[in-house]
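A.B. asks: File name run.tsv; file contents TSV, C-alpha atoms; full text below.
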```tsv
chain	number	residue	atom	x	y	z
A	1	MET	CA	-56.18	-12.42	-33.24
A	2	ALA	CA	-54.13	-12.47	-36.44
A	3	SER	CA	-55.87	-10.90	-39.40
A	4	GLY	CA	-56.05	-12.60	-42.76
A	5	LYS	CA	-53.35	-10.33	-44.10
A	6	GLU	CA	-51.04	-11.00	-41.16
A	7	LEU	CA	-51.49	-14.72	-41.63
A	8	ALA	CA	-50.90	-14.42	-45.36
A	9	ASP	CA	-47.76	-12.36	-44.84
A	10	PHE	CA	-46.44	-14.80	-42.27
A	11	LEU	CA	-47.01	-17.82	-44.49
A	12	ALA	CA	-45.43	-16.06	-47.46
A	13	GLY	CA	-42.36	-15.24	-45.38
A	14	VAL	CA	-41.92	-18.67	-43.86
A	15	GLU	CA	-42.86	-21.09	-46.64
A	16	ARG	CA	-39.43	-21.32	-48.26
A	17	ARG	CA	-37.58	-21.88	-44.98
A	18	ALA	CA	-40.18	-24.40	-43.94
A	19	PHE	CA	-39.78	-26.31	-47.18
A	20	LYS	CA	-36.01	-26.37	-46.81
A	21	GLN	CA	-36.19	-27.54	-43.21
A	22	ALA	CA	-38.59	-30.31	-44.15
A	23	GLN	CA	-36.39	-31.27	-47.09
A	24	TYR	CA	-33.30	-31.51	-44.87
A	25	ALA	CA	-35.23	-33.86	-42.62
A	26	VAL	CA	-36.97	-36.13	-45.11
A	27	ARG	CA	-34.59	-35.92	-48.09
A	28	ASP	CA	-37.46	-35.73	-50.55
A	29	ALA	CA	-38.78	-32.58	-52.19
A	30	ASP	CA	-42.31	-33.86	-52.84
A	31	ALA	CA	-42.68	-35.19	-49.33
A	32	ALA	CA	-41.35	-31.90	-47.97
A	33	LEU	CA	-43.95	-29.96	-49.97
A	34	ASP	CA	-46.72	-32.19	-48.59
A	35	ILE	CA	-45.45	-31.65	-45.06
A	36	VAL	CA	-45.39	-27.89	-45.49
A	37	GLN	CA	-48.89	-27.89	-46.95
A	38	ASP	CA	-50.21	-29.97	-44.06
A	39	ALA	CA	-48.56	-27.64	-41.56
A	40	MET	CA	-50.03	-24.55	-43.22
A	41	MET	CA	-53.52	-26.05	-43.26
A	42	LYS	CA	-53.30	-27.02	-39.62
A	43	LEU	CA	-52.08	-23.60	-38.60
A	44	SER	CA	-54.85	-21.82	-40.52
A	45	GLU	CA	-57.58	-24.12	-39.36
A	46	LYS	CA	-56.70	-24.63	-35.71
A	47	TYR	CA	-54.65	-21.59	-34.75
A	48	GLY	CA	-55.63	-18.91	-37.23
A	49	ASP	CA	-57.29	-16.95	-34.43
A	50	ARG	CA	-54.11	-16.65	-32.36
A	51	PRO	CA	-52.18	-13.38	-32.15
A	52	ALA	CA	-49.66	-12.80	-34.91
A	53	ALA	CA	-46.73	-12.98	-32.48
A	54	GLU	CA	-47.62	-16.58	-31.59
A	55	LEU	CA	-47.68	-17.83	-35.17
A	56	PRO	CA	-43.91	-18.44	-35.68
A	57	PRO	CA	-43.34	-20.85	-32.77
A	58	LEU	CA	-46.71	-22.50	-33.38
A	59	PHE	CA	-45.93	-23.10	-37.03
A	60	THR	CA	-42.45	-24.41	-36.26
A	61	ARG	CA	-43.91	-26.90	-33.82
A	62	ILE	CA	-46.60	-27.97	-36.25
A	63	LEU	CA	-43.98	-28.42	-38.96
A	64	GLN	CA	-41.87	-30.57	-36.66
A	65	ASN	CA	-44.82	-32.74	-35.72
A	66	ALA	CA	-45.77	-33.12	-39.37
A	67	THR	CA	-42.22	-34.25	-40.11
A	68	TYR	CA	-42.34	-36.80	-37.31
A	69	ASP	CA	-45.69	-38.05	-38.61
A	70	PHE	CA	-44.09	-38.54	-42.01
A	71	PHE	CA	-41.36	-40.68	-40.48
A	72	ARG	CA	-43.89	-42.71	-38.52
A	73	ARG	CA	-45.89	-43.38	-41.66
A	74	GLN	CA	-42.75	-44.27	-43.54
A	75	LYS	CA	-41.68	-46.70	-40.83
A	76	VAL	CA	-45.00	-48.47	-40.98
A	77	ARG	CA	-44.83	-48.79	-44.75
A	78	SER	CA	-41.23	-49.87	-45.03
A	79	THR	CA	-40.27	-53.53	-44.76
A	80	TRP	CA	-37.12	-52.98	-42.72
A	81	VAL	CA	-36.11	-50.54	-39.96
A	82	THR	CA	-33.27	-48.13	-40.82
A	83	LEU	CA	-33.77	-45.56	-38.12
A	84	PHE	CA	-31.40	-47.12	-35.60
A	85	SER	CA	-28.80	-48.48	-37.97
A	86	ALA	CA	-25.94	-46.20	-36.88
A	87	LEU	CA	-26.19	-45.73	-33.16
A	88	SER	CA	-22.94	-44.69	-31.55
A	89	PRO	CA	-23.46	-42.98	-28.20
A	90	HIS	CA	-20.88	-40.36	-27.26
A	91	ASN	CA	-21.97	-39.94	-23.69
A	92	GLU	CA	-23.29	-42.24	-21.04
A	93	ASP	CA	-25.53	-40.01	-18.99
A	94	ASP	CA	-28.95	-41.18	-17.93
A	95	ASN	CA	-30.71	-38.84	-20.35
A	96	PHE	CA	-29.25	-40.51	-23.42
A	97	ASP	CA	-31.40	-39.88	-26.46
A	98	PRO	CA	-30.54	-41.82	-29.61
A	99	LEU	CA	-31.70	-38.89	-31.75
A	100	GLU	CA	-28.86	-36.84	-30.30
A	101	THR	CA	-26.20	-38.94	-31.96
A	102	LEU	CA	-27.90	-40.67	-34.85
A	103	GLU	CA	-26.15	-39.89	-38.09
A	104	ALA	CA	-28.28	-39.12	-41.08
A	105	MET	CA	-28.13	-41.57	-43.95
A	106	PRO	CA	-25.65	-40.68	-46.74
A	107	GLY	CA	-26.41	-40.54	-50.41
A	108	SER	CA	-28.64	-37.50	-50.65
A	109	GLN	CA	-29.74	-36.53	-54.11
A	110	SER	CA	-29.42	-32.78	-53.40
A	111	ALA	CA	-25.60	-32.78	-53.43
A	112	GLU	CA	-25.39	-34.39	-56.88
A	113	SER	CA	-27.23	-31.47	-58.52
A	114	ALA	CA	-24.55	-28.89	-57.41
A	115	ALA	CA	-22.00	-29.86	-60.06
A	116	ASP	CA	-23.38	-27.39	-62.64
A	117	HIS	CA	-23.59	-24.40	-60.35
A	118	VAL	CA	-20.97	-21.70	-59.92
A	119	GLU	CA	-18.57	-22.04	-56.99
A	120	ARG	CA	-20.75	-20.08	-54.63
A	121	SER	CA	-23.74	-22.23	-55.40
A	122	GLN	CA	-21.58	-25.29	-54.94
A	123	VAL	CA	-20.44	-24.12	-51.55
A	124	ILE	CA	-24.01	-23.35	-50.51
A	125	ALA	CA	-25.09	-26.75	-51.68
A	126	ILE	CA	-22.33	-28.36	-49.64
A	127	ILE	CA	-23.39	-26.42	-46.60
A	128	GLU	CA	-26.97	-27.57	-47.08
A	129	GLU	CA	-25.77	-31.12	-47.38
A	130	GLU	CA	-23.83	-30.97	-44.18
A	131	VAL	CA	-26.74	-29.37	-42.35
A	132	ALA	CA	-28.98	-32.18	-43.50
A	133	ARG	CA	-26.45	-34.74	-42.24
A	134	LEU	CA	-26.57	-33.46	-38.71
A	135	PRO	CA	-28.32	-35.65	-36.17
A	136	THR	CA	-31.98	-34.69	-35.92
A	137	ARG	CA	-31.93	-33.00	-32.54
A	138	GLN	CA	-28.77	-31.07	-33.32
A	139	ARG	CA	-30.21	-29.87	-36.59
A	140	GLU	CA	-33.48	-28.83	-34.97
A	141	ALA	CA	-31.71	-26.85	-32.29
A	142	PHE	CA	-29.26	-25.24	-34.69
A	143	LEU	CA	-31.92	-24.20	-37.22
A	144	ALA	CA	-34.28	-22.93	-34.52
A	145	ARG	CA	-31.55	-20.81	-32.93
A	146	TYR	CA	-29.80	-19.44	-35.99
A	147	TRP	CA	-32.28	-19.69	-38.85
A	148	GLU	CA	-35.58	-19.08	-37.05
A	149	GLU	CA	-33.79	-16.69	-34.63
A	150	MET	CA	-35.42	-18.11	-31.53
A	151	ASP	CA	-33.76	-17.58	-28.21
A	152	VAL	CA	-32.64	-20.44	-25.98
A	153	ALA	CA	-35.83	-20.49	-23.91
A	154	GLU	CA	-38.09	-20.55	-26.98
A	155	THR	CA	-36.02	-23.29	-28.56
A	156	ALA	CA	-36.14	-25.35	-25.36
A	157	ALA	CA	-39.93	-25.01	-25.26
A	158	LEU	CA	-40.18	-25.99	-28.92
A	159	MET	CA	-37.99	-29.06	-28.55
A	160	GLY	CA	-39.35	-30.11	-25.19
A	161	CYS	CA	-35.96	-30.14	-23.50
A	162	SER	CA	-33.93	-28.02	-21.08
A	163	GLU	CA	-32.08	-24.86	-22.04
A	164	GLY	CA	-28.82	-26.62	-21.24
A	165	SER	CA	-29.67	-29.33	-23.73
A	166	VAL	CA	-30.37	-26.71	-26.36
A	167	LYS	CA	-26.99	-25.12	-25.82
A	168	THR	CA	-25.34	-28.53	-25.97
A	169	HIS	CA	-27.10	-29.45	-29.20
A	170	CYS	CA	-26.20	-26.12	-30.79
A	171	SER	CA	-22.59	-26.41	-29.72
A	172	ARG	CA	-22.25	-29.95	-31.06
A	173	ALA	CA	-24.00	-29.02	-34.31
A	174	THR	CA	-21.71	-26.05	-34.82
A	175	HIS	CA	-18.59	-28.09	-34.21
A	176	SER	CA	-19.82	-30.91	-36.45
A	177	LEU	CA	-20.60	-28.49	-39.27
A	178	ALA	CA	-17.30	-26.67	-38.91
A	179	ARG	CA	-15.39	-29.95	-38.94
A	180	ALA	CA	-17.30	-31.26	-41.95
A	181	LEU	CA	-16.86	-28.04	-43.94
A	182	ARG	CA	-13.19	-27.89	-43.05
A	183	ALA	CA	-12.77	-31.41	-44.34
A	184	ARG	CA	-14.25	-30.27	-47.64
A	185	GLY	CA	-12.07	-27.19	-47.80
A	186	ILE	CA	-14.64	-24.56	-46.94
A	187	THR	CA	-14.02	-21.72	-44.53
A	188	LEU	CA	-16.41	-19.23	-43.06
B	1	MET	CA	-18.04	-14.90	-47.41
B	2	PHE	CA	-17.08	-18.45	-48.29
B	3	THR	CA	-13.78	-19.61	-49.73
B	4	ARG	CA	-12.68	-23.03	-50.73
B	5	ASN	CA	-9.30	-24.66	-50.30
B	6	ALA	CA	-8.73	-23.01	-46.94
B	7	PHE	CA	-9.02	-24.07	-43.38
B	8	VAL	CA	-11.63	-23.07	-40.89
B	9	GLY	CA	-10.02	-20.60	-38.51
B	10	ALA	CA	-8.18	-22.12	-35.61
B	11	GLY	CA	-9.94	-19.64	-33.33
B	12	PHE	CA	-13.10	-21.61	-33.63
B	13	ALA	CA	-11.65	-24.90	-32.55
B	14	GLY	CA	-10.88	-24.20	-28.95
B	15	THR	CA	-10.35	-20.73	-27.66
B	16	GLY	CA	-12.10	-18.79	-24.97
B	17	ASN	CA	-14.31	-17.09	-27.54
B	18	ASN	CA	-16.28	-20.15	-28.39
B	19	PHE	CA	-19.65	-18.51	-27.74
B	20	MET	CA	-19.05	-15.50	-29.96
B	21	ASN	CA	-17.50	-17.62	-32.74
B	22	GLU	CA	-20.39	-20.04	-32.58
B	23	LYS	CA	-22.86	-17.22	-32.99
B	24	GLU	CA	-21.01	-15.74	-35.92
B	25	PHE	CA	-20.68	-19.17	-37.50
B	26	GLY	CA	-24.39	-19.75	-37.06
B	27	TYR	CA	-25.24	-16.49	-38.76
B	28	GLN	CA	-22.90	-17.29	-41.64
B	29	ILE	CA	-24.69	-20.58	-42.12
B	30	ARG	CA	-27.99	-18.73	-41.96
B	31	GLN	CA	-26.93	-16.49	-44.82
B	32	ALA	CA	-26.09	-19.52	-46.90
B	33	LEU	CA	-29.39	-21.21	-46.09
B	34	ASN	CA	-31.35	-18.05	-46.88
B	35	GLU	CA	-29.61	-17.83	-50.22
B	36	ALA	CA	-30.45	-21.46	-50.95
B	37	ALA	CA	-34.07	-20.90	-49.97
B	38	GLY	CA	-34.23	-17.97	-52.38
B	39	LYS	CA	-33.17	-20.14	-55.31
B	40	LEU	CA	-36.01	-22.63	-55.35
B	41	ASP	CA	-37.20	-23.78	-58.76
B	42	TYR	CA	-40.49	-22.60	-60.23
B	43	LYS	CA	-42.27	-25.90	-59.66
B	44	THR	CA	-41.54	-25.77	-55.93
B	45	THR	CA	-42.47	-22.12	-55.50
B	46	TYR	CA	-45.70	-22.70	-57.41
B	47	ARG	CA	-46.68	-25.58	-55.16
B	48	LEU	CA	-45.85	-23.52	-52.11
B	49	GLU	CA	-48.09	-20.73	-53.39
B	50	GLN	CA	-50.89	-23.23	-53.94
B	51	ALA	CA	-50.48	-24.59	-50.44
B	52	ARG	CA	-50.56	-21.08	-48.99
B	53	ALA	CA	-53.68	-20.17	-50.96
B	54	ALA	CA	-55.45	-23.33	-49.78
B	55	ALA	CA	-54.52	-22.63	-46.17
B	56	LEU	CA	-55.80	-19.04	-46.38
B	57	ALA	CA	-59.03	-20.21	-47.98
B	58	ARG	CA	-59.52	-22.63	-45.10
B	59	HIS	CA	-58.87	-19.80	-42.64
B	60	ARG	CA	-61.51	-17.66	-44.33
B	61	GLU	CA	-64.02	-20.52	-44.13
B	62	THR	CA	-63.51	-21.03	-40.43
B	63	SER	CA	-63.63	-17.32	-39.60
B	64	THR	CA	-66.85	-16.57	-41.53
B	65	ALA	CA	-69.07	-19.29	-40.07
B	66	PRO	CA	-72.77	-18.24	-39.62
B	67	ALA	CA	-73.48	-16.28	-36.45
B	68	TRP	CA	-76.58	-18.28	-35.66
B	69	ALA	CA	-74.76	-21.58	-35.53
B	70	PRO	CA	-72.07	-21.22	-32.87
B	71	ALA	CA	-72.12	-24.93	-32.22
B	72	LEU	CA	-70.73	-25.58	-35.70
B	73	GLN	CA	-67.69	-23.34	-35.27
B	74	ALA	CA	-64.25	-24.79	-34.55
B	75	ALA	CA	-63.17	-25.20	-30.94
B	76	GLY	CA	-60.76	-22.59	-29.86
B	77	GLY	CA	-62.48	-19.59	-28.48
B	78	ARG	CA	-65.29	-19.08	-30.91
B	79	SER	CA	-68.13	-19.66	-28.48
B	80	SER	CA	-67.72	-16.31	-26.80
B	81	ASP	CA	-67.89	-14.49	-30.11
B	82	GLY	CA	-70.89	-16.56	-31.18
B	83	GLY	CA	-72.69	-15.77	-27.96
B	84	SER	CA	-72.22	-12.04	-28.29
B	85	ARG	CA	-73.32	-12.12	-31.89
B	86	LEU	CA	-76.71	-13.68	-30.92
B	87	GLY	CA	-77.60	-10.57	-28.95
B	88	TRP	CA	-81.22	-9.45	-29.04
B	89	PHE	CA	-82.18	-12.20	-31.43
B	90	GLY	CA	-81.16	-14.82	-28.94
B	91	SER	CA	-82.97	-13.12	-26.09
B	92	PHE	CA	-86.15	-12.91	-28.14
B	93	GLY	CA	-85.93	-16.54	-29.09
B	94	VAL	CA	-85.64	-17.60	-25.47
B	95	ALA	CA	-88.37	-15.33	-24.11
B	96	THR	CA	-91.11	-16.28	-26.61
B	97	PRO	CA	-91.68	-19.89	-25.55
B	98	VAL	CA	-91.52	-18.90	-21.91
B	99	LEU	CA	-94.17	-16.26	-22.48
B	100	ALA	CA	-96.37	-18.70	-24.33
B	101	LEU	CA	-96.06	-21.13	-21.47
B	102	ILE	CA	-97.10	-18.54	-18.93
B	103	ILE	CA	-100.14	-17.53	-20.97
B	104	GLY	CA	-101.14	-21.16	-21.29
B	105	PHE	CA	-100.91	-21.70	-17.55
B	106	ILE	CA	-103.11	-18.66	-16.93
B	107	ALA	CA	-105.70	-19.85	-19.42
B	108	ILE	CA	-105.85	-23.30	-17.90
B	109	TYR	CA	-106.18	-21.84	-14.44
B	110	GLN	CA	-109.02	-19.61	-15.52
B	111	TRP	CA	-110.80	-22.50	-17.19
B	112	GLN	CA	-110.57	-24.62	-14.11
B	113	GLN	CA	-111.89	-21.96	-11.77
B	114	PRO	CA	-115.39	-22.68	-10.18
B	115	GLN	CA	-118.31	-21.58	-12.44
B	116	THR	CA	-120.84	-18.89	-11.44
B	117	PRO	CA	-124.15	-20.18	-10.00
B	118	GLU	CA	-126.14	-19.19	-13.08
B	119	ARG	CA	-123.78	-20.98	-15.32
B	120	MET	CA	-123.88	-24.04	-13.20
B	121	SER	CA	-127.66	-24.06	-13.27
B	122	ASP	CA	-127.76	-23.84	-17.02
B	123	LEU	CA	-125.39	-26.71	-17.29
B	124	ALA	CA	-127.36	-28.76	-14.92
B	125	ALA	CA	-130.53	-28.10	-16.86
B	126	MET	CA	-128.92	-29.25	-20.00
B	127	ASP	CA	-127.65	-32.36	-18.34
B	128	PHE	CA	-131.08	-33.03	-16.94
B	129	ALA	CA	-132.72	-32.67	-20.27
B	130	VAL	CA	-130.35	-35.14	-21.77
B	131	LEU	CA	-130.92	-37.53	-18.97
B	132	MET	CA	-134.67	-37.19	-19.35
B	133	ASP	CA	-134.45	-38.33	-22.94
B	134	GLN	CA	-132.49	-41.33	-21.95
B	135	THR	CA	-134.42	-42.27	-18.85
B	136	PRO	CA	-136.42	-45.47	-19.32
B	137	ILE	CA	-140.24	-45.23	-19.05
B	138	ARG	CA	-140.39	-47.47	-16.01
B	139	ALA	CA	-138.39	-44.92	-14.00
B	140	TYR	CA	-141.26	-42.51	-14.14
B	141	ALA	CA	-143.44	-44.99	-12.24
B	142	ASP	CA	-140.99	-44.86	-9.35
B	143	LYS	CA	-142.07	-42.59	-6.52
B	144	GLY	CA	-138.57	-41.53	-5.55
B	145	PHE	CA	-137.71	-40.54	-9.08
B	146	GLY	CA	-140.91	-38.61	-9.27
B	147	LEU	CA	-139.93	-36.69	-6.15
B	148	LEU	CA	-136.54	-36.01	-7.61
B	149	LEU	CA	-138.05	-34.70	-10.76
B	150	ARG	CA	-140.35	-32.37	-8.88
B	151	GLY	CA	-137.50	-31.13	-6.61
B	152	GLU	CA	-135.10	-30.42	-9.46
B	153	THR	CA	-137.75	-28.62	-11.43
B	154	GLU	CA	-138.57	-26.31	-8.53
B	155	ASP	CA	-134.94	-25.40	-8.04
B	156	LEU	CA	-134.68	-24.39	-11.68
```
Could you show the structure in this file as structure tokens?

C.D. replies:
Amino acid sequence: MASGKELADFLAGVERRAFKQAQYAVRDADAALDIVQDAMMKLSEKYGDRPAAELPPLFTRILQNATYDFFRRQKVRSTWVTLFSALSPHNEDDNFDPLETLEAMPGSQSAESAADHVERSQVIAIIEEEVARLPTRQREAFLARYWEEMDVAETAALMGCSEGSVKTHCSRATHSLARALRARGITL
Amino acid sequence: MFTRNAFVGAGFAGTGNNFMNEKEFGYQIRQALNEAAGKLDYKTTYRLEQARAAALARHRETSTAPAWAPALQAAGGRSSDGGSRLGWFGSFGVATPVLALIIGFIAIYQWQQPQTPERMSDLAAMDFAVLMDQTPIRAYADKGFGLLLRGETEDL
């Protein structure tokens, strides 16, 4: 069972990443903060007695579900559906998932605030923008593998898909990011 | 780490080292994202701190629930802890009503046991005396009743 200090340390270490991940998904800082707060409360209330080693994947899953709940609520409130406005399937296998290829909507406010930063900050802002533009599943897989440092099996369990799908999502996300950054003159 | 106005290395696009390049690329992106996460404005970091404090307060509430009310604790493995915390107090609370019940049964049994002959005679005498007060006068003129009276009196 995680102690209060272990839980506090974990939340302190993960809150910024969680906020950023939520912000990439929902494109709204206030909504992202609400999502992170909901996820923290759920983790503390329902799973605070789990071992400390189980907290990271639990919290990531809770955060994802909270993000999906936000989209569901938004869809109910909105007067028109924009979720499937840019479907363009790249493969025709039987396991086609529209979230694999759905492009994120352009016009994020985060990129416009990078003008006043130094070049490094501008590049970082561009990278963030391109990460946010990734299709949802590709972004989830990429961030889980390389930002949360989960292995393939853990990521597959988190996303509810096969390990092969995880590798495919990561590969496509990497190539999409590299192509997008190259188009904007950024090299890594 | 990052330079503008240059091309992403051709090695990434399609060589046999795709896996290693992908991993390195991912870690480069991670560095950038970590740096961005470290530059959040004060308003955001303050709200995150508030959210964390609220979550920890909720955790303290759920983990310090009273030991005598295990039914009120959250689902998720608390019942075993609540049961062990009852301990001797719980055993005492269960045994007391059972003991009282047993004592009551014994008392009722004893009360319903047949009375001793002396006791029964005394009771009968009392009953007879009460009946005598209530017996109408005409009954005394009856021969059978007179015999009864004489027989009962001798037995006493």

A.B. asks: First collect every listed atom of segment 28-33 of chain A; then fit an axis-aligned box around them, widen it by 8 Å on each side, and give centre and edge lengths in Å to one decimal, as lines of an AutoDock Vina configuration file.

C.D. replies:
```
center_x = -40.7
center_y = -32.8
center_z = -50.4
size_x = 22.5
size_y = 21.8
size_z = 20.9
```

A.B. asks: With a cut-off of 6 Å, could you pull out the residues of chain A touching chain B and give me the nearest pair of atoms for each, distance in Å to one decimal, using all atoms listed in the file, ordered by chain and ascending number, as JSON lines?

C.D. replies:
```
{"residue": "A:Arg16", "atom": "CA", "partner": "B:Ala37", "partner_atom": "CA", "distance": 5.6}
{"residue": "A:Gln37", "atom": "CA", "partner": "B:Ala51", "partner_atom": "CA", "distance": 5.1}
{"residue": "A:Met40", "atom": "CA", "partner": "B:Ala55", "partner_atom": "CA", "distance": 5.7}
{"residue": "A:Met41", "atom": "CA", "partner": "B:Ala55", "partner_atom": "CA", "distance": 4.6}
{"residue": "A:Ser44", "atom": "CA", "partner": "B:His59", "partner_atom": "CA", "distance": 5.0}
{"residue": "A:Glu45", "atom": "CA", "partner": "B:His59", "partner_atom": "CA", "distance": 5.6}
{"residue": "A:Ile124", "atom": "CA", "partner": "B:Ala32", "partner_atom": "CA", "distance": 5.7}
{"residue": "A:Tyr146", "atom": "CA", "partner": "B:Gly26", "partner_atom": "CA", "distance": 5.5}
{"residue": "A:Trp147", "atom": "CA", "partner": "B:Arg30", "partner_atom": "CA", "distance": 5.4}
{"residue": "A:Arg182", "atom": "CA", "partner": "B:Val8", "partner_atom": "CA", "distance": 5.5}
{"residue": "A:Gly185", "atom": "CA", "partner": "B:Asn5", "partner_atom": "CA", "distance": 4.5}
{"residue": "A:Ile186", "atom": "CA", "partner": "B:Arg4", "partner_atom": "CA", "distance": 4.5}
{"residue": "A:Thr187", "atom": "CA", "partner": "B:Val8", "partner_atom": "CA", "distance": 4.6}
{"residue": "A:Leu188", "atom": "CA", "partner": "B:Phe2", "partner_atom": "CA", "distance": 5.3}
```

A.B. asks: To one decimal place, how far is atom CA of Ala156 of chain A from atom CA of Leu63 of chain A in Å?

C.D. replies: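 Pair atom CA of Ala156 of chain A / atom CA of Leu63 of chain A returns 16.0 Å.
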
A.B. asks: Hey, what's within 10 Å of segment 21-34 of chain A if we count all atoms listed in the file and toss same-chain stuff fewer than 3 positions away? As number ranges by chain, please?

C.D. replies: A: 15-18, 37-40, 60, 63-64, 66-68, 70-71, 104-105, 107-110, 128-136, 139-140, 143, 147; B: 33, 37, 44-45, 47-48, 51

A.B. asks: Mind giving me the straight-line distance from atom CA of Ser171 of chain A to atom CA of Glu148 of chain A in Å, one decimal?

C.D. replies: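 So the answer is 16.6 Å.
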